[in-house]
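A short worksheet on the structure shown next.
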Amino acid sequence: MSIPQSLLEQSIQINIQQALQEDIGERDITALLTPEDEQATATIISRETMILAGQPWVNALIKAYDPSVNVIWLKQDGDQVQANEAFLKLAGSARSLLTVERPALNFIQTLSAVATKTAEYVKHLEGLNTKLLDTRKTLPGLRIAQKYAVGVGGGQNHRLGLFDAFLIKENHIMAAGGIQQAIDKAHAIAPGKPVEVEVETWDELNQALDAGADIVMLDNFSQQQMIEAVKHVAGRCKLEASGNITIDNLREVATSGVDFISMGVLTKDVKAIDLSMRFNA
């Protein structure tokens, strides 16, 4: 999946307005300690090696708050930034720089963390055809932002939400009356939308194949079972591995030949990058 430009732009505006409102409220009273006409320049560095992500959010945030601030990127999204390396310079009203510092850095530290972790995991798949996917296990309000960062890090997006693809799981199957019935209903509800079915047994895999699933998620299949499933399916649909996959066994799982591996860890278990903004003398 790719993020539609209209959805990306809408999400950015929602994110930055929420960030400014929660941080500034009526006004930044601490910034008022600085003379109103004072101008300043500032440099932002990373204290650890990272893959930069979040430029569209920072650009939009600063433009919304004070469009007179000059934003100079020394690195671009997707670039590696070394520890203690500068990647962004700002110039303008000292008050404005002080006010936008934290919300801007919050976006960069979070999204760069996602991109950095994704890049680390993708590296384990070098030379293989398996693609790394994210999940819907994202921070509330930052779904599109985190999925954007996964793409920056070299991963791919699973469905963006409940609206752009079907993922039929056990409870859906029970409610619909079976795998065949669930897939038939999916095609009737939204023709053309991808239909994926999660299976736990070999019998369920065959049912999903017979019913015409586009993708089958092999939930907690053993390595040998996945190898056999890839041979059995023989390209009739795409196969996705999920469950009990870590960075330690990621490459092994991929060698089974599955098309995709989905991992919630890319977005739900991230540690923010340590950043710092320094005013220049």
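Every chain in the structure tokens has a letter given in the order shown (A, B, ...), and although residue numbers restart at 1 in each chain, ligands are simply numbered from 1 in the order shown.
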Worksheet item: Can you tell me, as a PyMOL selection string, what residues are no more than 10 Å from Trp73 (chain A) when counting only C-alpha atoms, ignoring any on the same chain fewer than 5 positions away?
Response: chain A and resi 44+55+59+86-90
Discussion item. List as number ranges by chain the protein and nucleic acid residues near Gln181 (chain A), meaning an atom at most 12 Å away when only C-alpha atoms are counted, but skip any in the same chain fewer than 5 places from it.
Written reply: A: 168, 172-176, 186-188, 197, 207-208, 210-213
Any chance you can output those residues with C-alpha atoms as a PDB file, in the first residue's frame?
ATOM      1  CA  ILE A 168     -10.319 -11.566   7.519  1.00  0.00           C
ATOM      2  CA  HIS A 172     -14.783 -12.538  10.942  1.00  0.00           C
ATOM      3  CA  ILE A 173     -14.818 -16.079   9.562  1.00  0.00           C
ATOM      4  CA  MET A 174     -17.094 -17.293  12.346  1.00  0.00           C
ATOM      5  CA  ALA A 175     -19.468 -14.359  11.923  1.00  0.00           C
ATOM      6  CA  ALA A 176     -19.640 -14.798   8.149  1.00  0.00           C
ATOM      7  CA  ALA A 186     -15.830  -9.082   0.877  1.00  0.00           C
ATOM      8  CA  HIS A 187     -15.860  -9.072  -2.922  1.00  0.00           C
ATOM      9  CA  ALA A 188     -19.502  -7.977  -2.897  1.00  0.00           C
ATOM     10  CA  VAL A 197      -7.261 -14.148   5.151  1.00  0.00           C
ATOM     11  CA  GLN A 207     -10.019 -23.076   1.908  1.00  0.00           C
ATOM     12  CA  ALA A 208      -8.573 -19.594   1.431  1.00  0.00           C
ATOM     13  CA  ASP A 210     -10.083 -22.228  -3.159  1.00  0.00           C
ATOM     14  CA  ALA A 211     -12.062 -19.126  -2.221  1.00  0.00           C
ATOM     15  CA  GLY A 212      -9.719 -16.848  -4.155  1.00  0.00           C
ATOM     16  CA  ALA A 213      -7.896 -14.928  -1.423  1.00  0.00           C
TER      17      ALA A 213
END
Item to complete: Might you pull out every residue within 9 Å of region 241-258 of chain A, with only C-alpha atoms counted and same-chain residues fewer than 6 positions away left off, and present them as number ranges by chain?
Response: A: 120-121, 124-126, 128-131, 216-231, 265
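Nearest to Met277 (chain A) of all the residues A:Leu98, A:Leu52, A:Val150, A:Leu139 is A:Leu98, counting only C-alpha atoms.
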Item to complete: Using DSSP on the backbone coordinates, identify the residues of region 59-232 of chain A assigned to helix (DSSP H, G or I); present them as a ChimeraX atom specification.
Response: /A:59-65,94-123,143-152,170-176,179-189,202-211,223-232
Identify, on the basis of only C-alpha atoms, every residue whose closest approach to Val114 (chain A) does not exceed 7 Å; exclude the query and any residue fewer than 6 positions from it along the same chain; express the result as a CSV table (one decimal) with all heavy atoms, in the first residue's frame.
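Printed below is result.csv as written:
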chain,number,residue,atom,x,y,z
A,146,GLN,N,3.5,7.4,11.2
A,146,GLN,CA,4.4,6.3,11.4
A,146,GLN,C,4.5,5.4,10.2
A,146,GLN,O,5.6,4.9,9.9
A,146,GLN,CB,3.9,5.5,12.6
A,146,GLN,CG,4.1,6.2,14.0
A,146,GLN,CD,3.9,5.2,15.1
A,146,GLN,OE1,2.8,4.9,15.5
A,146,GLN,NE2,5.0,4.8,15.7
A,149,ALA,N,7.0,6.9,8.0
A,149,ALA,CA,8.3,6.7,8.5
A,149,ALA,C,8.8,5.3,8.1
A,149,ALA,O,10.0,5.1,7.8
A,149,ALA,CB,8.4,7.0,10.0
A,150,VAL,N,7.9,4.3,8.2
A,150,VAL,CA,8.3,2.9,7.8
A,150,VAL,C,8.7,2.9,6.3
A,150,VAL,O,9.7,2.3,6.0
A,150,VAL,CB,7.1,2.0,8.0
A,150,VAL,CG1,7.3,0.7,7.2
A,150,VAL,CG2,6.8,1.7,9.4
A,266,LEU,N,7.8,-2.5,14.6
A,266,LEU,CA,8.3,-1.3,13.8
A,266,LEU,C,7.7,0.0,14.3
A,266,LEU,O,8.3,1.0,14.2
A,266,LEU,CB,8.0,-1.5,12.3
A,266,LEU,CG,8.6,-2.7,11.6
A,266,LEU,CD1,8.2,-2.8,10.2
A,266,LEU,CD2,10.1,-2.8,11.8
A,267,THR,N,6.4,-0.1,14.8
A,267,THR,CA,5.8,1.2,15.1
A,267,THR,C,5.3,1.2,16.6
A,267,THR,O,5.1,2.3,17.1
A,267,THR,CB,4.5,1.4,14.3
A,267,THR,OG1,3.7,0.2,14.3
A,267,THR,CG2,4.9,1.7,12.8
A,270,VAL,N,9.0,1.6,19.8
A,270,VAL,CA,10.1,2.4,19.3
A,270,VAL,C,10.6,3.3,20.5
A,270,VAL,O,9.8,3.7,21.3
A,270,VAL,CB,9.7,3.3,18.1
A,270,VAL,CG1,9.4,2.5,16.9
A,270,VAL,CG2,8.5,4.2,18.5
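Distance annotation: of A:Leu8, A:Ala42, A:Val199, A:Ile189, the residue with the minimal separation from Arg143 (chain A) is A:Leu8; atom set is only C-alpha atoms.
Residues lying within 10 Å of Asp66 (chain A), counting only C-alpha atoms and ignoring same-chain neighbours fewer than 2 positions away, are Leu61, Ile62, Lys63, Ala64, Ser68, Val69, Asn70, Gly92, Ser93, Ser96, Leu97, Thr99 and Val100 of chain A.
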Item to complete: May I have the residues within 10 Å of Gln80 (chain A) as a list in words, using only C-alpha atoms and disregarding those fewer than 2 positions away in the same chain?
Response: Thr49, Met50, Ile51, Leu52, Ala53, Lys75, Gln76, Asp77, Gly78, Gln82, Ala83, Glu85, Phe87, Ser112 and Thr116 of chain A
Worksheet entry | Atomic distance CA of Glu38 (chain A) - CA of Ala91 (chain A), expressed in Å with one decimal | 11.1 Å
